[in-house]
Amino acid sequence: MSDSCNTDVERLILLCRAGDESAFEELVHIYEPMIAKTARDLTLDVCEVYSDACLSVRRAAASYDIGGKVTFGLYAKICVSRAMLDYAKKNRKIVGNIDINIEDIAVSDGVQRRLEREEERRVLDQQARTLLSDLEYEVFSGCMRGDKTAEIADRLGVSAKVVDNAKARMLKRLRAGLAVSSEN
């Protein structure tokens with residue numbers, strides 16, 4: 001973002017802090033594409049998480065360090081991502097290895113979306129089994145369940161650094177393996 005855009009965003013942040021609702025709406029409007037992309041990246045429905053995302057933008061504006069090293073866009077993305085992850089964790093229940101989204105049951109097309117996600121996860125799991133080492137696959141499984149690094153490390157009896165390194169290798173191998181399979 002250019003300096004003039006940063007200045008405009010900082011002006012909007014200051015107005016938001018002063019209680020100006022139109023400034024808040026404009027700030028949300030600027031970051032709507034980021035909100036939508038973050039929801040898609042997390043396989044969430046934008047409509048489901050939009051209000052939580054807007055609240056996190058408001059909280060980000062209130063706590064943002066103007067003049068700090070991090071741009072507001074990055075700071076807002078982190079806040080929005082965390083809010084969406086929290087939403088996903090609150091609205092999903094793990095039953096065995098099946099991830100059930102309570103919201104999907106209430107929506108008429110939710111069953112179709114759920115089946116599509118289940119199929120995508122099944123295919124990804126099959127690819128992961130063939131591409132990853134045993135440790136990397138265990139880390140992958142923990143990540144798919146939403147476990148934190150410390151939880152995975154405790155369960156596997158290794159350090160958090162070992163898990164982080166395995167995550168990095170896992171992501172590299174999955175990206176390479178999935179790129180090759182999509183070319184075929």
# chains A, B, ... in the order shown; residues from 1 in each chain; ligands from 1

call {"tool": "residues_around", "arguments": {"residues": "Asn6 (chain A)", "least_positions_apart": "4", "cutoff": "12 Å", "atoms": "only C-alpha atoms", "output": "number ranges by chain"}}
result
A: 1-2, 10-13, 27, 30, 66-68, 70-74

call {"tool": "write_last_selection", "arguments": {"atoms": "C-alpha atoms", "output": "PDB file, in the first residue's frame"}}
result
ATOM      1  CA  MET A   1       0.000   0.000   0.000  1.00  0.00           C
ATOM      2  CA  SER A   2       1.257   3.485  -0.779  1.00  0.00           C
ATOM      3  CA  GLU A  10      -4.684   5.626   9.727  1.00  0.00           C
ATOM      4  CA  ARG A  11      -7.139   8.540   9.491  1.00  0.00           C
ATOM      5  CA  LEU A  12     -10.022   6.052   9.369  1.00  0.00           C
ATOM      6  CA  ILE A  13      -8.575   4.196  12.366  1.00  0.00           C
ATOM      7  CA  LEU A  27     -12.536   0.560   6.843  1.00  0.00           C
ATOM      8  CA  ILE A  30     -11.521  -1.580   2.240  1.00  0.00           C
ATOM      9  CA  ILE A  66      -0.105   3.619  14.458  1.00  0.00           C
ATOM     10  CA  GLY A  67       3.447   4.269  13.336  1.00  0.00           C
ATOM     11  CA  GLY A  68       4.547   0.767  14.333  1.00  0.00           C
ATOM     12  CA  VAL A  70       3.444  -3.652  10.989  1.00  0.00           C
ATOM     13  CA  THR A  71       0.949  -2.308   8.456  1.00  0.00           C
ATOM     14  CA  PHE A  72      -2.678  -2.199   9.489  1.00  0.00           C
ATOM     15  CA  GLY A  73      -3.550  -4.543   6.609  1.00  0.00           C
ATOM     16  CA  LEU A  74      -1.302  -7.282   7.976  1.00  0.00           C
TER      17      LEU A  74
END

call {"tool": "residues_around", "arguments": {"residues": "Ala128 (chain A)", "least_positions_apart": "2", "cutoff": "12 Å", "atoms": "only C-alpha atoms", "output": "list in words"}}
result
Arg121, Arg122, Val123, Leu124, Asp125, Gln126, Thr130, Leu131, Leu132, Ser133, Asp134, Leu135, Glu136, Tyr137, Glu138, Val139, Phe140, Ser141, Met144, Arg169, Met170, Leu171, Lys172, Arg173, Leu174, Arg175, Ala176, Gly177 and Leu178 of chain A

call {"tool": "write_last_selection", "arguments": {"atoms": "N, CA and C atoms", "output": "PDB file, in the first residue's frame"}}
result
ATOM      1  N   ARG A 121     -10.921 -33.783   1.646  1.00  0.00           N
ATOM      2  CA  ARG A 121     -10.067 -34.220   2.763  1.00  0.00           C
ATOM      3  C   ARG A 121      -9.599 -35.649   2.576  1.00  0.00           C
ATOM      4  N   ARG A 122     -10.490 -36.506   2.064  1.00  0.00           N
ATOM      5  CA  ARG A 122     -10.124 -37.909   1.836  1.00  0.00           C
ATOM      6  C   ARG A 122      -8.999 -38.000   0.806  1.00  0.00           C
ATOM      7  N   VAL A 123      -9.134 -37.255  -0.284  1.00  0.00           N
ATOM      8  CA  VAL A 123      -8.111 -37.253  -1.330  1.00  0.00           C
ATOM      9  C   VAL A 123      -6.799 -36.697  -0.783  1.00  0.00           C
ATOM     10  N   LEU A 124      -6.876 -35.599  -0.048  1.00  0.00           N
ATOM     11  CA  LEU A 124      -5.675 -35.008   0.547  1.00  0.00           C
ATOM     12  C   LEU A 124      -5.017 -35.986   1.516  1.00  0.00           C
ATOM     13  N   ASP A 125      -5.820 -36.676   2.313  1.00  0.00           N
ATOM     14  CA  ASP A 125      -5.280 -37.646   3.266  1.00  0.00           C
ATOM     15  C   ASP A 125      -4.564 -38.779   2.530  1.00  0.00           C
ATOM     16  N   GLN A 126      -5.160 -39.274   1.451  1.00  0.00           N
ATOM     17  CA  GLN A 126      -4.518 -40.339   0.673  1.00  0.00           C
ATOM     18  C   GLN A 126      -3.182 -39.876   0.106  1.00  0.00           C
ATOM     19  N   THR A 130       0.965 -41.071   1.070  1.00  0.00           N
ATOM     20  CA  THR A 130       1.988 -41.532   0.127  1.00  0.00           C
ATOM     21  C   THR A 130       3.187 -40.585   0.051  1.00  0.00           C
ATOM     22  N   LEU A 131       2.988 -39.297   0.310  1.00  0.00           N
ATOM     23  CA  LEU A 131       4.054 -38.316   0.132  1.00  0.00           C
ATOM     24  C   LEU A 131       4.893 -38.061   1.377  1.00  0.00           C
ATOM     25  N   LEU A 132       4.322 -38.300   2.562  1.00  0.00           N
ATOM     26  CA  LEU A 132       4.961 -37.866   3.810  1.00  0.00           C
ATOM     27  C   LEU A 132       5.587 -39.016   4.582  1.00  0.00           C
ATOM     28  N   SER A 133       6.592 -38.671   5.377  1.00  0.00           N
ATOM     29  CA  SER A 133       7.163 -39.644   6.306  1.00  0.00           C
ATOM     30  C   SER A 133       6.150 -39.890   7.422  1.00  0.00           C
ATOM     31  N   ASP A 134       6.413 -40.882   8.267  1.00  0.00           N
ATOM     32  CA  ASP A 134       5.489 -41.185   9.366  1.00  0.00           C
ATOM     33  C   ASP A 134       5.318 -39.977  10.296  1.00  0.00           C
ATOM     34  N   LEU A 135       6.420 -39.332  10.664  1.00  0.00           N
ATOM     35  CA  LEU A 135       6.344 -38.167  11.545  1.00  0.00           C
ATOM     36  C   LEU A 135       5.567 -37.034  10.877  1.00  0.00           C
ATOM     37  N   GLU A 136       5.880 -36.761   9.607  1.00  0.00           N
ATOM     38  CA  GLU A 136       5.192 -35.689   8.890  1.00  0.00           C
ATOM     39  C   GLU A 136       3.699 -35.988   8.782  1.00  0.00           C
ATOM     40  N   TYR A 137       3.352 -37.247   8.558  1.00  0.00           N
ATOM     41  CA  TYR A 137       1.944 -37.607   8.454  1.00  0.00           C
ATOM     42  C   TYR A 137       1.232 -37.414   9.795  1.00  0.00           C
ATOM     43  N   GLU A 138       1.884 -37.761  10.892  1.00  0.00           N
ATOM     44  CA  GLU A 138       1.284 -37.547  12.209  1.00  0.00           C
ATOM     45  C   GLU A 138       1.076 -36.059  12.478  1.00  0.00           C
ATOM     46  N   VAL A 139       2.036 -35.232  12.068  1.00  0.00           N
ATOM     47  CA  VAL A 139       1.905 -33.785  12.209  1.00  0.00           C
ATOM     48  C   VAL A 139       0.766 -33.292  11.324  1.00  0.00           C
ATOM     49  N   PHE A 140       0.711 -33.798  10.089  1.00  0.00           N
ATOM     50  CA  PHE A 140      -0.375 -33.447   9.157  1.00  0.00           C
ATOM     51  C   PHE A 140      -1.732 -33.782   9.777  1.00  0.00           C
ATOM     52  N   SER A 141      -1.856 -34.972  10.349  1.00  0.00           N
ATOM     53  CA  SER A 141      -3.121 -35.388  10.966  1.00  0.00           C
ATOM     54  C   SER A 141      -3.507 -34.463  12.114  1.00  0.00           C
ATOM     55  N   MET A 144      -4.736 -31.185  10.683  1.00  0.00           N
ATOM     56  CA  MET A 144      -6.081 -31.339  10.111  1.00  0.00           C
ATOM     57  C   MET A 144      -7.141 -31.356  11.208  1.00  0.00           C
ATOM     58  N   ARG A 169       8.535 -29.244   6.229  1.00  0.00           N
ATOM     59  CA  ARG A 169       8.788 -30.287   5.232  1.00  0.00           C
ATOM     60  C   ARG A 169       7.489 -30.816   4.648  1.00  0.00           C
ATOM     61  N   MET A 170       6.487 -31.017   5.525  1.00  0.00           N
ATOM     62  CA  MET A 170       5.185 -31.539   5.107  1.00  0.00           C
ATOM     63  C   MET A 170       4.565 -30.615   4.064  1.00  0.00           C
ATOM     64  N   LEU A 171       4.531 -29.313   4.353  1.00  0.00           N
ATOM     65  CA  LEU A 171       3.922 -28.365   3.423  1.00  0.00           C
ATOM     66  C   LEU A 171       4.662 -28.344   2.090  1.00  0.00           C
ATOM     67  N   LYS A 172       5.981 -28.385   2.138  1.00  0.00           N
ATOM     68  CA  LYS A 172       6.780 -28.389   0.915  1.00  0.00           C
ATOM     69  C   LYS A 172       6.476 -29.637   0.082  1.00  0.00           C
ATOM     70  N   ARG A 173       6.439 -30.783   0.718  1.00  0.00           N
ATOM     71  CA  ARG A 173       6.165 -32.033  -0.016  1.00  0.00           C
ATOM     72  C   ARG A 173       4.741 -32.072  -0.558  1.00  0.00           C
ATOM     73  N   LEU A 174       3.785 -31.610   0.247  1.00  0.00           N
ATOM     74  CA  LEU A 174       2.392 -31.612  -0.215  1.00  0.00           C
ATOM     75  C   LEU A 174       2.208 -30.662  -1.396  1.00  0.00           C
ATOM     76  N   ARG A 175       2.796 -29.481  -1.303  1.00  0.00           N
ATOM     77  CA  ARG A 175       2.678 -28.535  -2.425  1.00  0.00           C
ATOM     78  C   ARG A 175       3.262 -29.136  -3.695  1.00  0.00           C
ATOM     79  N   ALA A 176       4.448 -29.715  -3.576  1.00  0.00           N
ATOM     80  CA  ALA A 176       5.099 -30.309  -4.750  1.00  0.00           C
ATOM     81  C   ALA A 176       4.287 -31.496  -5.272  1.00  0.00           C
ATOM     82  N   GLY A 177       3.835 -32.347  -4.378  1.00  0.00           N
ATOM     83  CA  GLY A 177       3.064 -33.533  -4.780  1.00  0.00           C
ATOM     84  C   GLY A 177       1.726 -33.181  -5.382  1.00  0.00           C
ATOM     85  N   LEU A 178       1.053 -32.197  -4.813  1.00  0.00           N
ATOM     86  CA  LEU A 178      -0.251 -31.803  -5.347  1.00  0.00           C
ATOM     87  C   LEU A 178      -0.103 -31.075  -6.679  1.00  0.00           C
TER      88      LEU A 178
END

call {"tool": "residues_around", "arguments": {"residues": "Tyr75 (chain A)", "least_positions_apart": "6", "cutoff": "12 Å", "atoms": "only C-alpha atoms", "output": "PyMOL selection string"}}
result
chain A and resi 31+34+56-66+68-69+81-82

call {"tool": "write_last_selection", "arguments": {"atoms": "N, CA and C atoms", "output": "compact mmCIF listing (two decimals), in the first residue's frame"}}
result
# COMPACT_ATOMS: atom_id res chain seq x y z
N TYR A 31 -11.32 -3.63 3.54
CA TYR A 31 -10.76 -4.93 3.85
C TYR A 31 -11.73 -6.10 3.57
N MET A 34 -10.10 -9.01 1.68
CA MET A 34 -9.24 -9.81 2.56
C MET A 34 -10.10 -10.73 3.44
N SER A 56 -13.68 -8.14 14.54
CA SER A 56 -12.23 -8.24 14.71
C SER A 56 -11.52 -7.07 14.03
N VAL A 57 -12.08 -6.56 12.92
CA VAL A 57 -11.51 -5.35 12.30
C VAL A 57 -11.66 -4.17 13.25
N ARG A 58 -12.82 -4.08 13.92
CA ARG A 58 -13.02 -2.99 14.89
C ARG A 58 -12.02 -3.11 16.04
N ARG A 59 -11.84 -4.32 16.56
CA ARG A 59 -10.86 -4.52 17.65
C ARG A 59 -9.44 -4.23 17.16
N ALA A 60 -9.15 -4.60 15.91
CA ALA A 60 -7.83 -4.33 15.36
C ALA A 60 -7.59 -2.82 15.27
N ALA A 61 -8.61 -2.08 14.82
CA ALA A 61 -8.48 -0.62 14.74
C ALA A 61 -8.24 -0.02 16.12
N ALA A 62 -8.90 -0.58 17.12
CA ALA A 62 -8.77 -0.05 18.48
C ALA A 62 -7.40 -0.34 19.08
N SER A 63 -6.79 -1.46 18.70
CA SER A 63 -5.53 -1.84 19.34
C SER A 63 -4.30 -1.65 18.46
N TYR A 64 -4.50 -1.22 17.22
CA TYR A 64 -3.39 -1.06 16.28
C TYR A 64 -2.43 0.03 16.72
N ASP A 65 -1.14 -0.24 16.57
CA ASP A 65 -0.09 0.72 16.93
C ASP A 65 0.26 1.56 15.69
N ILE A 66 -0.37 2.73 15.59
CA ILE A 66 -0.10 3.62 14.46
C ILE A 66 1.35 4.04 14.52
N GLY A 68 3.75 1.95 14.01
CA GLY A 68 4.55 0.77 14.33
C GLY A 68 5.14 0.14 13.09
N LYS A 69 5.79 -1.00 13.26
CA LYS A 69 6.48 -1.66 12.15
C LYS A 69 5.54 -2.45 11.25
N SER A 81 -8.09 -13.56 10.80
CA SER A 81 -7.80 -15.00 10.72
C SER A 81 -8.03 -15.68 12.06
N ARG A 82 -7.55 -15.06 13.12
CA ARG A 82 -7.74 -15.64 14.46
C ARG A 82 -9.23 -15.71 14.82

call {"tool": "atom_distance", "arguments": {"atom1": "CA of Val9 (chain A)", "atom2": "CA of Leu42 (chain A)"}}
result
25.9 Å

call {"tool": "closest_residue", "arguments": {"among": "A:Ala39, A:Cys54, A:Ala153, A:Val158", "to": "Glu26 (chain A)", "atoms": "only C-alpha atoms"}}
result
A:Cys54

call {"tool": "atom_distance", "arguments": {"atom1": "CA of Lys77 (chain A)", "atom2": "CA of Glu25 (chain A)"}}
result
16.6 Å

call {"tool": "atom_distance", "arguments": {"atom1": "CA of Gly142 (chain A)", "atom2": "CA of Ser51 (chain A)"}}
result
28.7 Å
